[in-house]
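Asker: Below you'll find the structure I mean.
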There are 2 protein chains.
Amino acid sequence: MNQIIKQIAKSESVKADYILEGISAGKIVVPNNKKHKISRPCGIGEGLRTKVNANIGTSEDRYDLKTELTKLEVAIKAGADAVMDLSTGGDLVKVRRKILKESCVPVGTVPIYEAAVGITRRKKTFKDLTEADFFEPLRRQAEEGVDFFTIHCGVTQEVIGRLKNQKRVLDIVSRGGAILTEWMLSNKKENPYYSRFGEVLKIAKKHNITLSLGDGLRPGAISDGTDRAQVQELIILGELAKEAREAGVQVMIEGPGHLPLDQIETNVRLEKALCNNAPFYVLGPLVTDIAPGYDHITSAIGGAMAGSFGADFLCYVTPSEHLGLPSVEDVEMGVIASRIAAHAADIVKRTPGARDWDRKMSRARKQRDWTKQFSLAIDPKRPKAIRKKTSPSADDVQ
Amino acid sequence: MNQIIKQIAKSESVKADYILEGISAGKIVVPNNKKHKISRPCGIGEGLRTKVNANIGTSEDRYDLKTELTKLEVAIKAGADAVMDLSTGGDLVKVRRKILKESCVPVGTVPIYEAAVGITRRKKTFKDLTEADFFEPLRRQAEEGVDFFTIHCGVTQEVIGRLKNQKRVLDIVSRGGAILTEWMLSNKKENPYYSRFGEVLKIAKKHNITLSLGDGLRPGAISDGTDRAQVQELIILGELAKEAREAGVQVMIEGPGHLPLDQIETNVRLEKALCNNAPFYVLGPLVTDIAPGYDHITSAIGGAMAGSFGADFLCYVTPSEHLGLPSVEDVEMGVIASRIAAHAADIVKRTPGARDWDRKMSRARKQRDWTKQFSLAIDPKRPKAIRKKTSPSADDVQ
């Protein structure tokens with residue numbers, strides 16, 4: 001661990017002690033399963049660069065391991081700081097093990113997906129899942145080396161009650177949240193990840209897995225942003241985060257989702273307040289519902305703002321969001337759009353080196369040094385290709 | 001004029017009187033030269049939808065009228081509310097007249113470009129321009145039917161003095177600003193658009209041209225955002241806007257440029273305060289310098305934020321920004337990215353119908369009504385193509 005902290009400290013231009021203190025205060029997490037060797041570890045939290053996650057993985061009708069490994073490679077090359085394997089199709093264990101083996105960055109999963117896939121393959125429905133079924137994938141994946149788990153432990157009966165009272169346009173858009181709700185309503189039982197949170201902590205602690213407390217009630221429509229159900233869940237996540245910290249388990253909190261842009265600051269400040277400054281991991285937020293095909297842009301807008309107010313970790317959104325599995329090109333575009341958002345936030349956060357990067361680019365622009373501009377670009381390929389195609393006159397002043 | 005006001009009022013779902021009162025208070029402009037017949041007029045300002053402008057035009061080494069007309073068509077089809085002809089190559093008059101004839105939306109220009117091209121073609125330099133040369137294109141273009149002019153009247157000796165004291169990373173990135181500064185320093189004279197602003201007003205008044213007071217000192221680098229030179233110019237633009245209003249000339253103010261995202265709110269509020277709530281026309285703002293090839297995204301982030309704080313008119317930025325003339329595809333991408341930003345802002349501004357659009361889309365999503373989702377999409381082509389390619393399983397819940 002100590003070697004990893006030193007490595008992160010160096011890459012962030014901060015002191016190792018700063019990171020260690022951040023971890024013990026619960027403001028920073030370093031996802032890294034004891035069993036998983038990674039050459040590009042990352043710290044997520046206050047005072048560090050805003051990080052980017054790329055979701056990859058198979059679906060029921062798309063099982064192509066080779067393509068998913070290409071996505072992994074492309075995501076990492078484009079600068080993703082972490083990946084999540086959200087596979088639901090084919091041999092889940094094989095895919096995950098391969099991704100864990102190939103990935104030089106931390107790998108996260110949503111273990112409930114594996115439980116849900118398992119029960120469906122046994123020709124049963126979600127409601128037939130036993131409580132043990134919910135925990136089995138956690139144990140297996142922990143042994144395999146997964147670095148962080150999304151656990152939808154905040155979807156409680158109380159929260160579902162508030163959701164019913166709320167009347168949303170789009171009820172539950174989180175897959176994990178939807179599975180749990182169906183199970184809880186059918187069986188009239190509490191969420192096992194909540195009622196047996198201690199077991200989750202035990203597994204996490206044993207393998208040094210970071211918990212990412214999932215927002216099963218995240219708004220999936222602008223109309224549903226920052227409603228009572230969402231905030232109720234966040235309060236519970238805050239309580240569970242406290243429990244995790246007290247048990248010595250690293251924890252971060254997942255956030256929305258779709259939000260009008262004037263609610264983004266509130267959401268970030270609320271998370272920091274209710275969850276004692278735990279790192280905030282946002283999906284987007286997407287600032288409008290009406291741009292399918294361009295949700296890497298709607299989420300770059302929201303992600304940049306969220307980051308500037310203190311969100312620490314951006315889950316990328318690709319042009320395929322709401323439409324289907326992303327292609328390899330979509331993965332690259334998603335990572336780059338999110339990295340732009342993350343860097344725009346880092347300029348505001350004044351993380352070490354962020355403003356220097358822009359200053360160097362602008363100086364290269366002043367000197368009309370194209371080679372330097374390309375080498376400083378967040379993605380050199382694209383501007384090179386455009387420049388080559390357009391080849392304008394020497395006078396590039398706008 | 002009255003017919004146009006009624007048409008705009010209808011399309012904005014506001015009362016015609018609201019627009020008329022906004023115009024007389026200087027909070028709304030309706031760019032429309034008396035001679036220019038347009039079927040899609042637009043109002044720009046408080047309480048109306050955030051509008052989008054697309055820049056097109058030839059350059060010295062790219063004179064292809066047909067391509068520029070295709071860009072015009074594509075921009076309008078993608079939803080641009082106005083276009084600016086920034087041509088500097090080939091037969092400027094021919095290009096402009098053709099664009100004016102073909103465009104169903106207001107057309108703007110930067111008349112100083114024509115003066116600059118003229119003097120260069122006469123094998124002279126900018127400093128050889130006479131004061132009459134600065135005004136000649138205004139008169140000609142006014143007669144031709146141009147609806148709005150960018151006039152860099154705020155680049156005064158006082159402002160240039162402050163700029164020298166400032167020490168920027170990138171001095172002046174506005175082409176108009178750079179031409180004027182060179183002329184003023186060489187000839188030791190005041191900016192003719194400033195010293196003879198009354199003549200500008202007279203021309204504008206006669207043809208009902210809206211003036212867009214250009215920000216010749218706009219920051220072109222994150223490091224240069226909101227500096228003393230920029231704000232000094234804005235103060236002067238505020239004074240000139242007052243003069244324009246008193247002369248019965250419609251006026252809006254141009255804004256940055258490159259800005260860290262925590263300076264965007266300040267810039268919008270400053271413009272509204274110093275310029276008596278004149279409509280604010282922003283170029284971007286771009287929230288980082290380091291993403292050439294993706295500046296439609298960096299500016300969508302800034303534009304959405306600026307719009308949400310009250311900016312009224314977004315000048316699009318294409319993926320070719322800082323690299324070369326945009327291609328036809330770049331034009332389309334630029335308009336769509338800006339429209340996404342404008343709409344994200346309109347959700348916050350609560351302009352009539354903005355939130356309904358999102359609600360309809362989310363309802364269609366709930367019903368898994370793909371036809372409706374495509375028809376409601378800001379660009380139906382892209383999501384249709386992605387959906388077709390990925391054809392995922394029926395279960396699209398994330």
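Residues are named by chain letter and number: chains run A, B, ... in the order of the structure tokens, numbers start at 1 in each chain, and ligands are numbered from 1 in the order shown.
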Hey, what's within 8 Å of range 42-53 of chain A if we count only C-alpha atoms and toss same-chain stuff fewer than 4 positions away? As a VMD selection string, please?
Answerer: chain A and resid 8 12 19 22 27 to 31 79 to 84 105 to 106 278 to 280 307 310 to 316 335 338 to 339 342 to 343 345 to 346 349 351
Asker: Given the selection you just returned, output its residues as a file containing N, CA, C and O atoms, formatted as a short mmCIF file (atom, residue, chain, number, x, y, z; two decimals), in the first residue's frame.
Answerer:
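Below is the file that was written, result12.cif:
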```cif
data_model
loop_
_atom_site.label_atom_id
_atom_site.label_comp_id
_atom_site.auth_asym_id
_atom_site.auth_seq_id
_atom_site.Cartn_x
_atom_site.Cartn_y
_atom_site.Cartn_z
N ILE A 8 1.05 7.60 -6.09
CA ILE A 8 -0.06 8.55 -6.31
C ILE A 8 0.36 9.96 -5.92
O ILE A 8 0.11 10.92 -6.65
N GLU A 12 0.35 13.25 -8.33
CA GLU A 12 -0.56 14.36 -8.02
C GLU A 12 0.18 15.60 -7.54
O GLU A 12 -0.45 16.64 -7.29
N ILE A 19 -2.24 12.39 1.46
CA ILE A 19 -3.15 11.33 1.02
C ILE A 19 -3.52 10.41 2.18
O ILE A 19 -4.69 10.08 2.38
N GLY A 22 -5.93 12.13 4.29
CA GLY A 22 -7.22 12.19 3.60
C GLY A 22 -7.97 10.87 3.70
O GLY A 22 -9.19 10.84 3.89
N LYS A 27 -11.85 11.48 3.37
CA LYS A 27 -12.01 12.43 2.26
C LYS A 27 -11.38 11.93 0.97
O LYS A 27 -11.58 12.49 -0.09
N ILE A 28 -10.55 10.91 1.10
CA ILE A 28 -9.86 10.34 -0.08
C ILE A 28 -10.00 8.82 -0.02
O ILE A 28 -9.94 8.24 1.07
N VAL A 29 -10.19 8.21 -1.18
CA VAL A 29 -10.13 6.75 -1.25
C VAL A 29 -9.09 6.35 -2.30
O VAL A 29 -8.85 7.10 -3.26
N VAL A 30 -8.47 5.21 -2.08
CA VAL A 30 -7.53 4.64 -3.04
C VAL A 30 -8.00 3.21 -3.31
O VAL A 30 -7.65 2.29 -2.56
N PRO A 31 -8.81 3.02 -4.32
CA PRO A 31 -9.37 1.69 -4.55
C PRO A 31 -8.27 0.73 -5.01
O PRO A 31 -7.66 0.96 -6.04
N GLY A 79 -7.10 7.82 -21.18
CA GLY A 79 -6.86 8.48 -19.90
C GLY A 79 -7.85 8.16 -18.79
O GLY A 79 -7.89 8.89 -17.79
N ALA A 80 -8.63 7.09 -18.93
CA ALA A 80 -9.53 6.73 -17.84
C ALA A 80 -8.71 6.36 -16.60
O ALA A 80 -7.67 5.72 -16.72
N ASP A 81 -9.17 6.77 -15.44
CA ASP A 81 -8.45 6.48 -14.20
C ASP A 81 -8.93 5.19 -13.56
O ASP A 81 -8.27 4.65 -12.67
N ALA A 82 -10.09 4.72 -13.99
CA ALA A 82 -10.66 3.48 -13.47
C ALA A 82 -11.65 2.97 -14.50
O ALA A 82 -12.10 3.72 -15.37
N VAL A 83 -11.95 1.68 -14.41
CA VAL A 83 -13.01 1.12 -15.28
C VAL A 83 -13.95 0.31 -14.41
O VAL A 83 -13.56 -0.21 -13.36
N MET A 84 -15.18 0.22 -14.87
CA MET A 84 -16.11 -0.69 -14.21
C MET A 84 -16.55 -1.73 -15.23
O MET A 84 -16.86 -1.41 -16.37
N VAL A 105 -5.47 -0.08 -14.30
CA VAL A 105 -6.16 0.87 -13.41
C VAL A 105 -7.16 0.08 -12.55
O VAL A 105 -7.50 -1.06 -12.88
N PRO A 106 -7.64 0.70 -11.47
CA PRO A 106 -8.58 -0.01 -10.60
C PRO A 106 -9.83 -0.44 -11.37
O PRO A 106 -10.28 0.26 -12.27
N ALA A 278 -17.18 12.55 2.20
CA ALA A 278 -16.76 11.36 1.45
C ALA A 278 -16.64 11.75 -0.03
O ALA A 278 -17.41 12.58 -0.52
N PRO A 279 -15.70 11.15 -0.76
CA PRO A 279 -15.58 11.44 -2.20
C PRO A 279 -16.91 11.21 -2.91
O PRO A 279 -17.64 10.28 -2.56
N PHE A 280 -17.21 12.08 -3.87
CA PHE A 280 -18.49 12.03 -4.58
C PHE A 280 -18.23 11.58 -6.01
O PHE A 280 -17.41 12.15 -6.73
N GLY A 307 -17.75 18.84 -10.79
CA GLY A 307 -16.36 18.80 -10.38
C GLY A 307 -15.91 20.13 -9.79
O GLY A 307 -15.22 20.18 -8.77
N GLY A 310 -16.81 20.40 -6.34
CA GLY A 310 -16.19 19.46 -5.41
C GLY A 310 -16.41 17.99 -5.70
O GLY A 310 -15.89 17.15 -4.96
N ALA A 311 -17.17 17.64 -6.73
CA ALA A 311 -17.29 16.21 -7.06
C ALA A 311 -15.90 15.71 -7.44
O ALA A 311 -15.10 16.43 -8.03
N ASP A 312 -15.62 14.44 -7.09
CA ASP A 312 -14.25 13.95 -7.17
C ASP A 312 -14.01 12.96 -8.29
O ASP A 312 -12.88 12.72 -8.69
N PHE A 313 -15.09 12.35 -8.77
CA PHE A 313 -14.94 11.19 -9.65
C PHE A 313 -16.12 11.27 -10.63
O PHE A 313 -17.27 11.33 -10.21
N LEU A 314 -15.81 11.30 -11.92
CA LEU A 314 -16.86 11.40 -12.93
C LEU A 314 -16.99 10.06 -13.65
O LEU A 314 -16.02 9.57 -14.21
N CYS A 315 -18.19 9.52 -13.64
CA CYS A 315 -18.42 8.34 -14.47
C CYS A 315 -18.72 8.85 -15.87
O CYS A 315 -19.60 9.69 -16.06
N TYR A 316 -17.98 8.36 -16.82
CA TYR A 316 -18.18 8.86 -18.18
C TYR A 316 -19.56 8.48 -18.69
O TYR A 316 -20.22 7.56 -18.17
N VAL A 335 -14.58 8.95 -22.72
CA VAL A 335 -13.47 9.23 -21.80
C VAL A 335 -12.93 10.64 -22.05
O VAL A 335 -12.70 11.40 -21.11
N SER A 338 -15.30 13.32 -20.74
CA SER A 338 -15.25 13.38 -19.27
C SER A 338 -13.94 13.96 -18.78
O SER A 338 -13.91 14.66 -17.77
N ARG A 339 -12.86 13.65 -19.48
CA ARG A 339 -11.57 14.22 -19.05
C ARG A 339 -11.55 15.73 -19.25
O ARG A 339 -10.95 16.47 -18.47
N ALA A 342 -13.41 17.01 -16.35
CA ALA A 342 -12.61 16.88 -15.13
C ALA A 342 -11.52 17.95 -15.09
O ALA A 342 -11.29 18.58 -14.05
N HIS A 343 -10.89 18.19 -16.24
CA HIS A 343 -9.82 19.20 -16.24
C HIS A 343 -10.39 20.62 -16.05
O HIS A 343 -9.78 21.44 -15.35
N ALA A 345 -12.83 21.34 -14.31
CA ALA A 345 -13.06 21.42 -12.87
C ALA A 345 -11.75 21.63 -12.12
O ALA A 345 -11.68 22.41 -11.16
N ASP A 346 -10.71 20.93 -12.55
CA ASP A 346 -9.41 21.04 -11.86
C ASP A 346 -8.83 22.45 -11.95
O ASP A 346 -8.10 22.88 -11.05
N LYS A 349 -10.57 23.98 -9.15
CA LYS A 349 -10.08 23.41 -7.89
C LYS A 349 -8.62 23.78 -7.62
O LYS A 349 -8.12 23.58 -6.53
N THR A 351 -5.97 22.25 -8.65
CA THR A 351 -5.12 21.11 -8.35
C THR A 351 -3.76 21.37 -8.99
O THR A 351 -3.67 22.04 -10.03
#
```
Asker: As a PyMOL selection string, please: the residues near Glu199 in chain B (cut-off 10 Å, only C-alpha atoms, same-chain neighbours under 6 positions excluded).
Answerer: chain B and resi 135+138+192-193+205
Asker: If you measure from CA of Leu283 in chain A to CA of Gly255 in chain A, what distance in Å do you get, rounded to one decimal?
Answerer: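 About the pair CA of Leu283 in chain A and CA of Gly255 in chain A: they are 6.3 Å apart.
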Asker: With only C-alpha atoms considered, list every residue of chain B at most 6 Å from chain A, as a PDB file with C-alpha atoms, in the first residue's frame.
Answerer:
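And here's part.pdb as it stands now:
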```pdb
ATOM      1  CA  VAL B 173      -7.193  37.062 -30.172  1.00  0.00           C
ATOM      2  CA  SER B 174     -10.040  38.988 -31.761  1.00  0.00           C
ATOM      3  CA  ARG B 175      -9.216  39.640 -35.394  1.00  0.00           C
ATOM      4  CA  ALA B 221      -6.585  31.886 -22.766  1.00  0.00           C
ATOM      5  CA  VAL B 287     -13.551  26.476 -20.088  1.00  0.00           C
ATOM      6  CA  THR B 288     -10.119  25.123 -20.954  1.00  0.00           C
ATOM      7  CA  ASP B 289      -7.420  25.723 -23.559  1.00  0.00           C
ATOM      8  CA  ILE B 290      -6.195  22.160 -23.790  1.00  0.00           C
ATOM      9  CA  ALA B 291      -8.820  20.449 -25.925  1.00  0.00           C
ATOM     10  CA  PRO B 292      -8.346  21.493 -29.562  1.00  0.00           C
ATOM     11  CA  GLY B 293     -10.506  19.264 -31.731  1.00  0.00           C
ATOM     12  CA  ILE B 301     -19.860  23.602 -20.964  1.00  0.00           C
ATOM     13  CA  LEU B 323      -7.286  24.746 -36.067  1.00  0.00           C
ATOM     14  CA  GLY B 324      -8.912  25.912 -39.281  1.00  0.00           C
ATOM     15  CA  ALA B 344     -29.777  23.310 -20.726  1.00  0.00           C
ATOM     16  CA  ASP B 358     -37.556  17.147 -21.371  1.00  0.00           C
ATOM     17  CA  SER B 362     -38.573  11.146 -20.400  1.00  0.00           C
ATOM     18  CA  ALA B 377     -34.436  14.316 -29.985  1.00  0.00           C
ATOM     19  CA  ILE B 378     -32.514  17.538 -30.625  1.00  0.00           C
ATOM     20  CA  ARG B 382     -27.633  10.391 -34.543  1.00  0.00           C
ATOM     21  CA  PRO B 383     -29.637   8.416 -31.954  1.00  0.00           C
ATOM     22  CA  ARG B 387     -29.740   2.504 -31.991  1.00  0.00           C
ATOM     23  CA  THR B 390     -26.144  -1.380 -31.392  1.00  0.00           C
ATOM     24  CA  PRO B 392     -29.479  -3.940 -27.762  1.00  0.00           C
ATOM     25  CA  VAL B 397     -32.974   0.536 -18.199  1.00  0.00           C
ATOM     26  CA  GLN B 398     -29.458   1.527 -17.294  1.00  0.00           C
TER      27      GLN B 398
END
```
Asker: Mind checking which residues fall within 10 Å of Val231 in chain B, counting only C-alpha atoms, ignoring those fewer than 3 positions away in the same chain, and posting them as a list in words?
Answerer: Val159, Arg162, Asp215, Leu217, Arg218, Gly225, Thr226, Asp227, Arg228, Leu234, Ile235, Ile236, Leu237, Asn267, Leu270, Glu271 and Leu274 of chain B
Asker: Check range 238-388 of chain B with DSSP on the backbone and list each residue it calls alpha helix (DSSP H), as a PyMOL selection string.
Answerer: chain B and resi 238-246+264-274+295-309+328-349+354-366+370-376+381-388
Asker: Residues at most 7 Å from Leu65 in chain A, counting only C-alpha atoms, excluding those fewer than 3 positions away in the same chain, as a PDB file with N, CA, C and O atoms, in the first residue's frame?
Answerer:
```pdb
ATOM      1  N   GLU A  68     -14.694  -6.043 -25.761  1.00  0.00           N
ATOM      2  CA  GLU A  68     -14.648  -5.415 -24.433  1.00  0.00           C
ATOM      3  C   GLU A  68     -13.208  -5.152 -23.995  1.00  0.00           C
ATOM      4  O   GLU A  68     -12.916  -4.133 -23.374  1.00  0.00           O
ATOM      5  N   LEU A  69     -12.311  -6.058 -24.354  1.00  0.00           N
ATOM      6  CA  LEU A  69     -10.901  -5.833 -24.004  1.00  0.00           C
ATOM      7  C   LEU A  69     -10.311  -4.686 -24.823  1.00  0.00           C
ATOM      8  O   LEU A  69      -9.460  -3.939 -24.340  1.00  0.00           O
ATOM      9  N   VAL A  95     -14.961 -12.957 -18.255  1.00  0.00           N
ATOM     10  CA  VAL A  95     -14.787 -11.558 -18.677  1.00  0.00           C
ATOM     11  C   VAL A  95     -14.107 -10.754 -17.574  1.00  0.00           C
ATOM     12  O   VAL A  95     -13.122 -10.040 -17.806  1.00  0.00           O
TER      13      VAL A  95
END
```
Asker: List every residue of range 111-345 of chain B that DSSP, applied to the backbone, labels as strand (DSSP E or B), and write the result as a list in words.
Answerer: Phe148, Phe149, Thr150, Ile151, Thr210, Leu211, Ser212, Leu213, Val251, Met252, Ile253, Glu254, Gly255, His258, Phe280, Tyr281, Val282, Leu283, Leu286, Phe313, Leu314 and Cys315 of chain B
Asker: Please produce an output containing N, CA and C atoms for each residue in the selection, written as a PDB file, in the first residue's frame.
Answerer:
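Wrote it out as result-v8.pdb, contents follow:
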```pdb
ATOM      1  N   PHE B 148     -27.172  42.424 -38.482  1.00  0.00           N
ATOM      2  CA  PHE B 148     -26.419  42.911 -37.303  1.00  0.00           C
ATOM      3  C   PHE B 148     -24.933  42.977 -37.607  1.00  0.00           C
ATOM      4  N   PHE B 149     -24.313  43.987 -36.996  1.00  0.00           N
ATOM      5  CA  PHE B 149     -22.886  44.267 -37.206  1.00  0.00           C
ATOM      6  C   PHE B 149     -22.125  44.072 -35.899  1.00  0.00           C
ATOM      7  N   THR B 150     -21.018  43.370 -35.976  1.00  0.00           N
ATOM      8  CA  THR B 150     -20.075  43.422 -34.853  1.00  0.00           C
ATOM      9  C   THR B 150     -19.161  44.610 -35.074  1.00  0.00           C
ATOM     10  N   ILE B 151     -19.148  45.525 -34.110  1.00  0.00           N
ATOM     11  CA  ILE B 151     -18.303  46.714 -34.192  1.00  0.00           C
ATOM     12  C   ILE B 151     -17.426  46.743 -32.941  1.00  0.00           C
ATOM     13  N   THR B 210     -29.039  45.922 -35.894  1.00  0.00           N
ATOM     14  CA  THR B 210     -28.679  45.745 -34.489  1.00  0.00           C
ATOM     15  C   THR B 210     -27.164  45.788 -34.374  1.00  0.00           C
ATOM     16  N   LEU B 211     -26.673  46.544 -33.400  1.00  0.00           N
ATOM     17  CA  LEU B 211     -25.232  46.579 -33.183  1.00  0.00           C
ATOM     18  C   LEU B 211     -24.839  45.544 -32.139  1.00  0.00           C
ATOM     19  N   SER B 212     -23.792  44.825 -32.455  1.00  0.00           N
ATOM     20  CA  SER B 212     -23.234  43.869 -31.516  1.00  0.00           C
ATOM     21  C   SER B 212     -21.866  44.426 -31.142  1.00  0.00           C
ATOM     22  N   LEU B 213     -21.781  44.996 -29.947  1.00  0.00           N
ATOM     23  CA  LEU B 213     -20.530  45.666 -29.587  1.00  0.00           C
ATOM     24  C   LEU B 213     -19.475  44.608 -29.278  1.00  0.00           C
ATOM     25  N   VAL B 251     -29.056  47.182 -29.475  1.00  0.00           N
ATOM     26  CA  VAL B 251     -27.656  46.885 -29.191  1.00  0.00           C
ATOM     27  C   VAL B 251     -27.521  45.661 -28.276  1.00  0.00           C
ATOM     28  N   MET B 252     -26.511  44.842 -28.599  1.00  0.00           N
ATOM     29  CA  MET B 252     -26.146  43.751 -27.685  1.00  0.00           C
ATOM     30  C   MET B 252     -24.636  43.811 -27.461  1.00  0.00           C
ATOM     31  N   ILE B 253     -24.157  43.024 -26.505  1.00  0.00           N
ATOM     32  CA  ILE B 253     -22.749  43.102 -26.093  1.00  0.00           C
ATOM     33  C   ILE B 253     -22.105  41.730 -26.281  1.00  0.00           C
ATOM     34  N   GLU B 254     -20.904  41.730 -26.868  1.00  0.00           N
ATOM     35  CA  GLU B 254     -20.206  40.455 -27.030  1.00  0.00           C
ATOM     36  C   GLU B 254     -19.301  40.159 -25.824  1.00  0.00           C
ATOM     37  N   GLY B 255     -19.161  38.874 -25.551  1.00  0.00           N
ATOM     38  CA  GLY B 255     -18.400  38.483 -24.366  1.00  0.00           C
ATOM     39  C   GLY B 255     -17.408  37.381 -24.657  1.00  0.00           C
ATOM     40  N   HIS B 258     -12.270  32.656 -23.555  1.00  0.00           N
ATOM     41  CA  HIS B 258     -11.791  31.578 -22.672  1.00  0.00           C
ATOM     42  C   HIS B 258     -11.925  32.051 -21.214  1.00  0.00           C
ATOM     43  N   PHE B 280     -26.621  39.642 -23.929  1.00  0.00           N
ATOM     44  CA  PHE B 280     -25.205  39.260 -23.873  1.00  0.00           C
ATOM     45  C   PHE B 280     -24.974  38.125 -24.872  1.00  0.00           C
ATOM     46  N   TYR B 281     -24.027  38.350 -25.745  1.00  0.00           N
ATOM     47  CA  TYR B 281     -23.707  37.427 -26.842  1.00  0.00           C
ATOM     48  C   TYR B 281     -22.317  36.877 -26.568  1.00  0.00           C
ATOM     49  N   VAL B 282     -22.252  35.608 -26.159  1.00  0.00           N
ATOM     50  CA  VAL B 282     -20.953  35.057 -25.752  1.00  0.00           C
ATOM     51  C   VAL B 282     -20.377  34.100 -26.794  1.00  0.00           C
ATOM     52  N   LEU B 283     -19.061  34.145 -26.904  1.00  0.00           N
ATOM     53  CA  LEU B 283     -18.340  33.223 -27.785  1.00  0.00           C
ATOM     54  C   LEU B 283     -17.772  32.125 -26.896  1.00  0.00           C
ATOM     55  N   LEU B 286     -15.071  29.119 -23.570  1.00  0.00           N
ATOM     56  CA  LEU B 286     -14.339  27.860 -23.520  1.00  0.00           C
ATOM     57  C   LEU B 286     -13.715  27.728 -22.131  1.00  0.00           C
ATOM     58  N   PHE B 313     -27.346  34.774 -26.006  1.00  0.00           N
ATOM     59  CA  PHE B 313     -27.025  34.430 -27.389  1.00  0.00           C
ATOM     60  C   PHE B 313     -25.658  33.751 -27.360  1.00  0.00           C
ATOM     61  N   LEU B 314     -25.621  32.513 -27.874  1.00  0.00           N
ATOM     62  CA  LEU B 314     -24.363  31.763 -27.855  1.00  0.00           C
ATOM     63  C   LEU B 314     -23.795  31.681 -29.259  1.00  0.00           C
ATOM     64  N   CYS B 315     -22.584  32.136 -29.442  1.00  0.00           N
ATOM     65  CA  CYS B 315     -21.920  31.920 -30.711  1.00  0.00           C
ATOM     66  C   CYS B 315     -21.345  30.512 -30.677  1.00  0.00           C
TER      67      CYS B 315
END
```
Asker: List the neighbours of Tyr113 in chain B out to 8 Å using only C-alpha atoms; skip same-chain residues closer than 6 positions along the sequence, and give me the result as an MDAnalysis selection string.
Answerer: chainID B and resid 86:88 176
Asker: Go ahead and save the residues from that selection, with N, CA, C and O atoms, as a compact mmCIF listing (two decimals), in the first residue's frame.
Answerer:
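Saved as again.txt:
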```
# COMPACT_ATOMS: atom_id res chain seq x y z
N LEU B 86 -18.39 35.62 -42.02
CA LEU B 86 -17.08 36.16 -41.65
C LEU B 86 -16.08 36.02 -42.79
O LEU B 86 -14.87 35.91 -42.56
N SER B 87 -16.58 36.04 -44.02
CA SER B 87 -15.71 35.79 -45.16
C SER B 87 -14.55 36.77 -45.26
O SER B 87 -14.72 37.98 -45.03
N THR B 88 -13.40 36.24 -45.63
CA THR B 88 -12.24 37.08 -45.90
C THR B 88 -11.57 36.66 -47.21
O THR B 88 -10.50 37.18 -47.55
N GLY B 176 -10.76 41.51 -35.30
CA GLY B 176 -11.13 42.93 -35.38
C GLY B 176 -10.35 43.76 -34.38
O GLY B 176 -9.84 44.85 -34.70
```
Asker: For CA of Lys123 in chain A and CA of Glu136 in chain A, quote the distance in Å rounded to one decimal.
Answerer: 18.5 Å
Asker: State, in Å with one decimal place, the distance from CA of Glu143 in chain B to CA of Lys77 in chain B.
Answerer: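 Rounded to one decimal, the two atoms are 27.1 Å apart.
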Asker: Rank nothing, just name the residue among A:Pro219, A:Gly257, A:Gly177, A:Pro111 nearest to Asp147 in chain A, using only C-alpha atoms.
Answerer: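 Going through A:Pro219, A:Gly257, A:Gly177, A:Pro111 one by one, the smallest distance to Asp147 in chain A is for A:Pro111.
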Asker: I'd like to know which of A:Cys153, A:Ile264, A:Ala273, A:Val146 is closest to Ser195 in chain A, using only C-alpha atoms.
Answerer: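 Among the listed residues, the smallest separation from Ser195 in chain A belongs to A:Cys153.
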Asker: From the set B:Pro137, B:Leu201, B:Gln7, B:Val110, which residue has the shortest atom-to-atom contact distance to Glu246 in chain B, counting only C-alpha atoms?
Answerer: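 Of all the options, B:Leu201 lies closest to Glu246 in chain B.
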